>>> print(open('model22.cif').read())   # mmCIF, C-alpha atoms
data_final
loop_
_atom_site.label_atom_id
_atom_site.label_comp_id
_atom_site.auth_asym_id
_atom_site.auth_seq_id
_atom_site.Cartn_x
_atom_site.Cartn_y
_atom_site.Cartn_z
CA MET A 1 0.00 0.00 0.00
CA PRO A 2 2.70 2.58 0.88
CA TYR A 3 4.51 1.64 -2.33
CA ARG A 4 1.36 2.23 -4.27
CA LYS A 5 0.94 5.71 -2.73
CA ILE A 6 4.56 6.61 -3.46
CA SER A 7 4.20 5.22 -6.96
CA LEU A 8 1.08 7.36 -7.54
CA ILE A 9 2.79 10.52 -6.24
CA ALA A 10 5.86 9.80 -8.36
CA SER A 11 3.69 9.25 -11.45
CA ILE A 12 1.79 12.50 -10.90
CA SER A 13 5.05 14.40 -10.33
CA LEU A 14 6.53 12.92 -13.48
CA ILE A 15 3.45 13.82 -15.54
CA LEU A 16 3.38 17.39 -14.21
CA THR A 17 7.11 17.79 -14.82
CA VAL A 18 6.80 16.56 -18.38
CA LEU A 19 3.62 18.53 -19.16
CA GLN A 20 4.63 21.86 -17.58
CA PRO A 21 6.71 23.02 -20.57
CA VAL A 22 3.79 22.13 -22.86
CA VAL A 23 1.32 24.05 -20.66
CA ASN A 24 3.61 27.11 -20.68
CA LEU A 25 4.40 26.78 -24.38
CA PRO A 26 1.95 29.48 -25.59
CA ILE A 27 3.46 32.01 -23.18
CA LEU A 28 7.00 31.09 -24.17
CA PHE A 29 6.01 31.24 -27.84
CA GLN A 30 4.60 34.79 -27.41
CA ILE A 31 7.73 35.95 -25.60
CA SER A 32 10.00 34.47 -28.24
CA GLN A 33 7.93 36.17 -30.96
CA VAL A 34 8.42 39.56 -29.32
CA LEU A 35 12.13 38.94 -28.84
CA ALA A 36 12.52 37.66 -32.38
CA GLN A 37 10.99 40.78 -33.95
CA THR A 38 13.53 42.61 -36.00
CA PRO A 39 13.64 46.40 -36.28
CA ALA A 40 12.16 45.96 -39.77
CA ASP A 41 9.24 43.99 -38.29
CA ARG A 42 8.65 46.68 -35.68
CA LYS A 43 8.85 49.42 -38.31
CA ALA A 44 6.32 47.56 -40.45
CA GLU A 45 4.00 47.33 -37.44
CA ALA A 46 4.41 51.07 -36.75
CA GLU A 47 3.65 51.86 -40.38
CA ARG A 48 0.57 49.63 -40.26
CA LEU A 49 -0.67 51.45 -37.16
CA TYR A 50 0.08 54.82 -38.77
CA GLN A 51 -1.92 53.88 -41.92
CA GLN A 52 -4.70 52.53 -39.73
CA GLY A 53 -4.83 55.87 -37.91
CA ASP A 54 -4.97 57.73 -41.20
CA GLN A 55 -7.92 55.57 -42.33
CA GLN A 56 -9.64 56.11 -39.00
CA ILE A 57 -9.36 59.88 -39.47
CA GLN A 58 -10.99 59.53 -42.89
CA THR A 59 -13.99 57.83 -41.25
CA SER A 60 -14.14 60.29 -38.30
CA GLN A 61 -12.99 57.68 -35.77
CA TYR A 62 -10.82 60.23 -34.01
CA LYS A 63 -10.35 58.53 -30.65
CA GLU A 64 -9.37 55.27 -32.35
CA ALA A 65 -7.03 57.18 -34.67
CA LEU A 66 -5.41 58.81 -31.66
CA GLN A 67 -4.70 55.38 -30.16
CA SER A 68 -3.26 54.10 -33.44
CA PHE A 69 -0.92 57.10 -33.81
CA GLN A 70 0.15 56.87 -30.16
CA GLN A 71 0.99 53.17 -30.58
CA ALA A 72 2.91 53.93 -33.78
CA LEU A 73 4.78 56.71 -31.96
CA THR A 74 5.79 54.31 -29.17
CA ILE A 75 7.25 51.88 -31.69
CA TYR A 76 8.98 54.62 -33.71
CA ARG A 77 10.59 55.85 -30.48
CA LYS A 78 11.78 52.35 -29.56
CA ILE A 79 13.41 51.84 -32.95
CA LYS A 80 14.68 55.45 -33.00
CA ASP A 81 12.92 56.34 -36.26
CA ARG A 82 12.90 60.15 -36.01
CA LYS A 83 10.90 60.78 -39.17
CA GLY A 84 8.23 58.28 -38.10
CA GLN A 85 8.09 59.97 -34.71
CA ALA A 86 7.62 63.40 -36.29
CA PHE A 87 4.82 62.23 -38.59
CA SER A 88 3.06 60.47 -35.70
CA LEU A 89 3.38 63.55 -33.48
CA ASN A 90 1.97 65.74 -36.26
CA TYR A 91 -1.05 63.46 -36.68
CA ILE A 92 -1.60 63.20 -32.92
CA ALA A 93 -1.70 67.00 -32.91
CA ILE A 94 -4.17 67.04 -35.81
CA VAL A 95 -6.48 64.64 -33.97
CA LYS A 96 -6.15 66.59 -30.71
CA ARG A 97 -7.04 69.81 -32.59
CA THR A 98 -10.02 68.09 -34.24
CA LEU A 99 -11.22 66.93 -30.82
CA GLY A 100 -11.00 70.53 -29.57
CA ASP A 101 -7.82 70.28 -27.49
CA ASN A 102 -5.92 73.13 -29.14
CA ILE A 103 -3.45 73.69 -26.30
CA GLU A 104 -2.31 70.07 -26.17
CA SER A 105 -2.17 69.92 -29.97
CA LEU A 106 0.31 72.81 -29.91
CA GLU A 107 2.64 70.76 -27.71
CA PHE A 108 2.60 67.84 -30.15
CA TYR A 109 3.10 70.18 -33.12
CA LYS A 110 6.12 71.73 -31.40
CA GLN A 111 7.67 68.29 -30.88
CA ALA A 112 7.06 67.37 -34.53
CA LEU A 113 8.48 70.72 -35.67
CA TYR A 114 11.63 70.19 -33.59
CA ILE A 115 12.25 66.78 -35.14
CA PHE A 116 11.56 67.89 -38.72
CA ARG A 117 14.06 70.73 -38.22
CA GLU A 118 16.55 68.34 -36.63
CA ILE A 119 16.43 65.93 -39.58
CA GLY A 120 16.37 68.75 -42.15
CA ASP A 121 12.90 68.00 -43.56
CA ARG A 122 11.96 71.50 -44.74
CA LEU A 123 8.86 70.38 -46.62
CA ASN A 124 7.21 68.96 -43.50
CA GLU A 125 8.56 71.80 -41.37
CA GLY A 126 6.42 74.09 -43.54
CA THR A 127 3.41 71.81 -43.08
CA VAL A 128 3.73 71.84 -39.29
CA LEU A 129 4.19 75.63 -39.22
CA ASN A 130 0.97 75.96 -41.21
CA ASN A 131 -0.78 73.56 -38.79
CA ILE A 132 0.39 75.64 -35.82
CA GLY A 133 -1.06 78.69 -37.58
CA LYS A 134 -4.40 76.88 -37.80
CA VAL A 135 -4.39 76.26 -34.03
CA HIS A 136 -3.75 79.95 -33.33
CA GLU A 137 -6.47 80.87 -35.82
CA GLY A 138 -8.89 78.54 -34.01
CA LEU A 139 -8.00 80.23 -30.72
CA GLY A 140 -8.70 83.64 -32.26
CA GLN A 141 -5.00 84.57 -31.96
CA TYR A 142 -4.81 86.11 -35.42
CA PRO A 143 -1.42 87.86 -35.13
CA GLN A 144 0.25 84.59 -34.08
CA ALA A 145 -1.59 82.69 -36.81
CA LEU A 146 -0.45 85.24 -39.37
CA GLU A 147 3.15 84.88 -38.20
CA PHE A 148 3.12 81.07 -38.53
CA TYR A 149 1.39 81.20 -41.91
CA GLN A 150 4.02 83.63 -43.20
CA ARG A 151 6.85 81.39 -41.96
CA ALA A 152 5.17 78.37 -43.57
CA LEU A 153 4.74 80.25 -46.84
CA THR A 154 8.41 81.21 -46.95
CA ILE A 155 9.52 77.59 -46.51
CA ARG A 156 6.95 76.24 -48.95
CA GLN A 157 8.16 78.69 -51.58
CA GLU A 158 11.80 77.80 -50.90
CA VAL A 159 11.20 74.06 -51.34
CA GLY A 160 8.85 74.45 -54.31
CA ASP A 161 5.78 73.00 -52.57
CA GLN A 162 3.16 74.60 -54.81
CA THR A 163 0.22 72.72 -53.32
CA GLY A 164 1.27 73.65 -49.79
CA GLU A 165 1.90 77.21 -50.92
CA ALA A 166 -1.66 77.41 -52.29
CA PHE A 167 -3.10 76.17 -48.97
CA THR A 168 -1.02 78.64 -46.98
CA LEU A 169 -1.98 81.54 -49.25
CA THR A 170 -5.64 80.62 -48.72
CA ASP A 171 -5.08 80.51 -44.95
CA LEU A 172 -3.28 83.86 -45.07
CA GLY A 173 -6.15 85.43 -47.01
CA LEU A 174 -8.68 84.07 -44.56
CA ILE A 175 -6.75 85.23 -41.51
CA LYS A 176 -6.34 88.72 -42.95
CA TYR A 177 -10.07 88.83 -43.66
CA LEU A 178 -10.92 87.58 -40.13
CA SER A 179 -8.52 90.10 -38.61
CA LYS A 180 -10.20 92.91 -40.55
CA ILE A 181 -13.70 91.75 -39.55
CA ASN A 182 -12.55 91.44 -35.95
CA PHE A 183 -11.05 94.94 -36.06
CA ILE A 184 -14.25 96.44 -37.56
CA PHE A 185 -16.41 94.66 -34.97
CA PHE A 186 -14.14 95.70 -32.11
CA SER A 187 -14.06 99.33 -33.35
CA LYS A 188 -17.87 99.47 -33.61
CA PHE A 189 -18.25 97.82 -30.20
CA SER A 190 -15.79 100.31 -28.67
CA ASN A 191 -17.58 103.29 -30.24
CA ASP A 192 -20.98 102.04 -29.07
CA PHE A 193 -19.60 101.46 -25.57
CA PHE A 194 -18.00 104.95 -25.54
CA ASN A 195 -21.31 106.57 -26.65
CA ILE A 196 -23.26 104.75 -23.92
CA VAL A 197 -20.81 105.73 -21.18
CA HIS A 198 -20.84 109.41 -22.12
#
>>> encode(input="model22.cif", output="structure tokens")
Amino acid sequence: MPYRKISLIASISLILTVLQPVVNLPILFQISQVLAQTPADRKAEAERLYQQGDQQIQTSQYKEALQSFQQALTIYRKIKDRKGQAFSLNYIAIVKRTLGDNIESLEFYKQALYIFREIGDRLNEGTVLNNIGKVHEGLGQYPQALEFYQRALTIRQEVGDQTGEAFTLTDLGLIKYLSKINFIFFSKFSNDFFNIVH
């Protein structure tokens, strides 16, 4: 009887010892997959997430797009892909601005602008400057918007970005018009206020 009990315990121990690696195999397989990813695999995943975010913007899925761009940014940072980081930061800022968070979008635009300048990408530097102008315009800060649009226009003309130049010229025209309307309204309001007080 005692031999039978020992034999049963030994058999169970042997089975558990043999089966444990099989039971843990899915976990080990997942870990080895992560470790086996090459930088090219990670970059491909970041690009997939970036494209997914772009498609989500097209279908007005802004919160989902934000998550996709943030995940892409994390991967681009891990693999030290500066251009991928800058593009992701720019799109995070676009989504933040679309969701109404202009102040936070400015922070992401500034980070993207810094990287584009660092890597010498003048074309996208102009794009980000124009985007920063749009944030200031949305905040009613027309002099700042005008300044960023003018800086964007200069760069876009220097690099021969005719499409970007056309967009910036349109934005400049609009901001000058809004500034004039704002000035006329403010002048009329001030005169009316002055007449009431006296």
>>> residues_around(input="model22.cif", residues="Arg117 (chain A)", least_positions_apart="4", cutoff="12 Å", atoms="all atoms listed in the file", output="short mmCIF file (atom, residue, chain, number, x, y, z; two decimals) with C-alpha atoms, in the coordinates of the input")
data_model
loop_
_atom_site.label_atom_id
_atom_site.label_comp_id
_atom_site.auth_asym_id
_atom_site.auth_seq_id
_atom_site.Cartn_x
_atom_site.Cartn_y
_atom_site.Cartn_z
CA ARG A 82 12.90 60.15 -36.01
CA LYS A 83 10.90 60.78 -39.17
CA ALA A 86 7.62 63.40 -36.29
CA LYS A 110 6.12 71.73 -31.40
CA GLN A 111 7.67 68.29 -30.88
CA ALA A 112 7.06 67.37 -34.53
CA LEU A 113 8.48 70.72 -35.67
CA ASP A 121 12.90 68.00 -43.56
CA ARG A 122 11.96 71.50 -44.74
CA LEU A 123 8.86 70.38 -46.62
CA ASN A 124 7.21 68.96 -43.50
CA GLU A 125 8.56 71.80 -41.37
CA GLY A 126 6.42 74.09 -43.54
CA THR A 127 3.41 71.81 -43.08
CA VAL A 128 3.73 71.84 -39.29
CA LEU A 129 4.19 75.63 -39.22
CA ILE A 155 9.52 77.59 -46.51
#
>>> axis_aligned_box(input="model22.cif", around="region 148-164 of chain A", padding_each_side="6 Å", output="AutoDock Vina command-line options")
--center_x 6.0 --center_y 78.2 --center_z -46.7 --size_x 23.6 --size_y 22.9 --size_z 28.3
>>> closest_residue(input="model22.cif", among="A:Glu47, A:Asp54, A:Glu137, A:Glu107", to="Ala72 (chain A)", atoms="only C-alpha atoms")
A:Glu47
>>> closest_residue(input="model22.cif", among="A:Lys176, A:Arg48, A:Arg42, A:His136", to="Arg97 (chain A)", atoms="all atoms listed in the file")
A:His136
>>> residues_around(input="model22.cif", residues="Ile103 (chain A)", least_positions_apart="6", cutoff="12 Å", atoms="all atoms listed in the file", output="CSV table (one decimal) with C-alpha atoms, keeping the file's coordinate frame")
chain,number,residue,atom,x,y,z
A,93,ALA,CA,-1.7,67.0,-32.9
A,94,ILE,CA,-4.2,67.0,-35.8
A,96,LYS,CA,-6.2,66.6,-30.7
A,97,ARG,CA,-7.0,69.8,-32.6
A,109,TYR,CA,3.1,70.2,-33.1
A,110,LYS,CA,6.1,71.7,-31.4
A,132,ILE,CA,0.4,75.6,-35.8
A,134,LYS,CA,-4.4,76.9,-37.8
A,135,VAL,CA,-4.4,76.3,-34.0
A,136,HIS,CA,-3.8,80.0,-33.3
A,138,GLY,CA,-8.9,78.5,-34.0
A,139,LEU,CA,-8.0,80.2,-30.7
>>> residues_around(input="model22.cif", residues="Ile75 (chain A)", least_positions_apart="2", cutoff="8 Å", atoms="only C-alpha atoms", output="count of residues only")
9
>>> residues_around(input="model22.cif", residues="Tyr50 (chain A)", least_positions_apart="5", cutoff="8 Å", atoms="all atoms listed in the file", output="PyMOL selection string")
chain A and resi 68-69+72+88
>>> resolve_selection(input="model22.cif", expression="the PyMOL selection byres ((chain A and resi 63) around 12)", output="number ranges by chain")
A: 53-54, 56-57, 59-62, 64-70, 92, 94-99
>>> resolve_selection(input="model22.cif", expression="the PyMOL selection byres ((chain A and resi 148) around 7)", output="NGL selection string")
:A and (129-130 or 132-133 or 144-147 or 149-152)
>>> closest_residue(input="model22.cif", among="A:Asp81, A:Glu45, A:Glu158, A:Asp171", to="Tyr142 (chain A)", atoms="only C-alpha atoms")
A:Asp171
>>> atom_distance(input="model22.cif", atom1="CA of Asp161 (chain A)", atom2="CA of Ile115 (chain A)")
19.6 Å
>>> atom_distance(input="model22.cif", atom1="CA of Thr163 (chain A)", atom2="CA of Glu104 (chain A)")
27.4 Å
>>> closest_residue(input="model22.cif", among="A:Asn90, A:Gln85, A:Gln162, A:Ala44", to="Leu106 (chain A)", atoms="all atoms listed in the file")
A:Asn90
>>> atom_distance(input="model22.cif", atom1="CA of Val159 (chain A)", atom2="CA of Gln55 (chain A)")
28.1 Å
>>> build_atoms(input="model22.cif", residues="region 145-169 of chain A", atoms="N, CA, C and O atoms", output="mmCIF file, in the frame of the given file")
data_model
loop_
_atom_site.group_PDB
_atom_site.id
_atom_site.type_symbol
_atom_site.label_atom_id
_atom_site.label_comp_id
_atom_site.auth_asym_id
_atom_site.auth_seq_id
_atom_site.Cartn_x
_atom_site.Cartn_y
_atom_site.Cartn_z
ATOM 1 N N ALA A 145 -1.264 83.517 -35.648
ATOM 2 C CA ALA A 145 -1.590 82.690 -36.810
ATOM 3 C C ALA A 145 -0.936 83.268 -38.058
ATOM 4 O O ALA A 145 -0.334 82.543 -38.851
ATOM 5 N N LEU A 146 -1.043 84.561 -38.211
ATOM 6 C CA LEU A 146 -0.450 85.240 -39.370
ATOM 7 C C LEU A 146 1.057 85.015 -39.423
ATOM 8 O O LEU A 146 1.613 84.705 -40.476
ATOM 9 N N GLU A 147 1.709 85.097 -38.267
ATOM 10 C CA GLU A 147 3.150 84.880 -38.200
ATOM 11 C C GLU A 147 3.531 83.468 -38.658
ATOM 12 O O GLU A 147 4.453 83.279 -39.456
ATOM 13 N N PHE A 148 2.805 82.454 -38.168
ATOM 14 C CA PHE A 148 3.120 81.070 -38.530
ATOM 15 C C PHE A 148 2.799 80.797 -40.001
ATOM 16 O O PHE A 148 3.535 80.081 -40.669
ATOM 17 N N TYR A 149 1.713 81.366 -40.499
ATOM 18 C CA TYR A 149 1.390 81.200 -41.910
ATOM 19 C C TYR A 149 2.476 81.818 -42.796
ATOM 20 O O TYR A 149 2.863 81.238 -43.814
ATOM 21 N N GLN A 150 2.973 82.969 -42.400
ATOM 22 C CA GLN A 150 4.020 83.630 -43.200
ATOM 23 C C GLN A 150 5.304 82.803 -43.197
ATOM 24 O O GLN A 150 5.969 82.669 -44.232
ATOM 25 N N ARG A 151 5.653 82.239 -42.034
ATOM 26 C CA ARG A 151 6.850 81.390 -41.960
ATOM 27 C C ARG A 151 6.662 80.130 -42.809
ATOM 28 O O ARG A 151 7.586 79.687 -43.500
ATOM 29 N N ALA A 152 5.457 79.556 -42.765
ATOM 30 C CA ALA A 152 5.170 78.370 -43.570
ATOM 31 C C ALA A 152 5.256 78.709 -45.055
ATOM 32 O O ALA A 152 5.827 77.934 -45.838
ATOM 33 N N LEU A 153 4.715 79.849 -45.434
ATOM 34 C CA LEU A 153 4.740 80.250 -46.840
ATOM 35 C C LEU A 153 6.162 80.400 -47.349
ATOM 36 O O LEU A 153 6.490 79.926 -48.441
ATOM 37 N N THR A 154 7.018 81.026 -46.560
ATOM 38 C CA THR A 154 8.410 81.210 -46.950
ATOM 39 C C THR A 154 9.078 79.862 -47.240
ATOM 40 O O THR A 154 9.732 79.681 -48.271
ATOM 41 N N ILE A 155 8.907 78.917 -46.335
ATOM 42 C CA ILE A 155 9.520 77.590 -46.510
ATOM 43 C C ILE A 155 8.913 76.876 -47.710
ATOM 44 O O ILE A 155 9.631 76.300 -48.531
ATOM 45 N N ARG A 156 7.609 76.930 -47.835
ATOM 46 C CA ARG A 156 6.950 76.240 -48.950
ATOM 47 C C ARG A 156 7.404 76.801 -50.298
ATOM 48 O O ARG A 156 7.555 76.052 -51.256
ATOM 49 N N GLN A 157 7.646 78.102 -50.351
ATOM 50 C CA GLN A 157 8.160 78.690 -51.580
ATOM 51 C C GLN A 157 9.602 78.265 -51.832
ATOM 52 O O GLN A 157 9.979 77.954 -52.966
ATOM 53 N N GLU A 158 10.401 78.199 -50.768
ATOM 54 C CA GLU A 158 11.800 77.800 -50.900
ATOM 55 C C GLU A 158 11.955 76.367 -51.413
ATOM 56 O O GLU A 158 12.855 76.078 -52.196
ATOM 57 N N VAL A 159 11.073 75.471 -50.950
ATOM 58 C CA VAL A 159 11.200 74.060 -51.340
ATOM 59 C C VAL A 159 10.379 73.715 -52.579
ATOM 60 O O VAL A 159 10.401 72.574 -53.039
ATOM 61 N N GLY A 160 9.640 74.685 -53.101
ATOM 62 C CA GLY A 160 8.850 74.450 -54.310
ATOM 63 C C GLY A 160 7.584 73.640 -54.084
ATOM 64 O O GLY A 160 7.113 72.964 -54.996
ATOM 65 N N ASP A 161 7.024 73.716 -52.894
ATOM 66 C CA ASP A 161 5.780 73.000 -52.570
ATOM 67 C C ASP A 161 4.599 73.864 -53.000
ATOM 68 O O ASP A 161 4.041 74.617 -52.205
ATOM 69 N N GLN A 162 4.216 73.739 -54.262
ATOM 70 C CA GLN A 162 3.160 74.600 -54.810
ATOM 71 C C GLN A 162 1.788 74.307 -54.201
ATOM 72 O O GLN A 162 1.020 75.232 -53.957
ATOM 73 N N THR A 163 1.504 73.059 -53.943
ATOM 74 C CA THR A 163 0.220 72.720 -53.320
ATOM 75 C C THR A 163 0.147 73.300 -51.914
ATOM 76 O O THR A 163 -0.844 73.927 -51.540
ATOM 77 N N GLY A 164 1.218 73.090 -51.135
ATOM 78 C CA GLY A 164 1.270 73.650 -49.790
ATOM 79 C C GLY A 164 1.224 75.166 -49.806
ATOM 80 O O GLY A 164 0.579 75.804 -48.968
ATOM 81 N N GLU A 165 1.896 75.754 -50.772
ATOM 82 C CA GLU A 165 1.900 77.210 -50.920
ATOM 83 C C GLU A 165 0.467 77.723 -51.153
ATOM 84 O O GLU A 165 0.043 78.719 -50.567
ATOM 85 N N ALA A 166 -0.280 77.017 -52.006
ATOM 86 C CA ALA A 166 -1.660 77.410 -52.290
ATOM 87 C C ALA A 166 -2.517 77.352 -51.019
ATOM 88 O O ALA A 166 -3.304 78.267 -50.748
ATOM 89 N N PHE A 167 -2.346 76.282 -50.222
ATOM 90 C CA PHE A 167 -3.100 76.170 -48.970
ATOM 91 C C PHE A 167 -2.738 77.310 -48.018
ATOM 92 O O PHE A 167 -3.607 77.909 -47.391
ATOM 93 N N THR A 168 -1.448 77.597 -47.906
ATOM 94 C CA THR A 168 -1.020 78.640 -46.980
ATOM 95 C C THR A 168 -1.499 80.011 -47.442
ATOM 96 O O THR A 168 -1.918 80.839 -46.620
ATOM 97 N N LEU A 169 -1.466 80.263 -48.751
ATOM 98 C CA LEU A 169 -1.980 81.540 -49.250
ATOM 99 C C LEU A 169 -3.469 81.687 -48.950
ATOM 100 O O LEU A 169 -3.937 82.775 -48.589
#
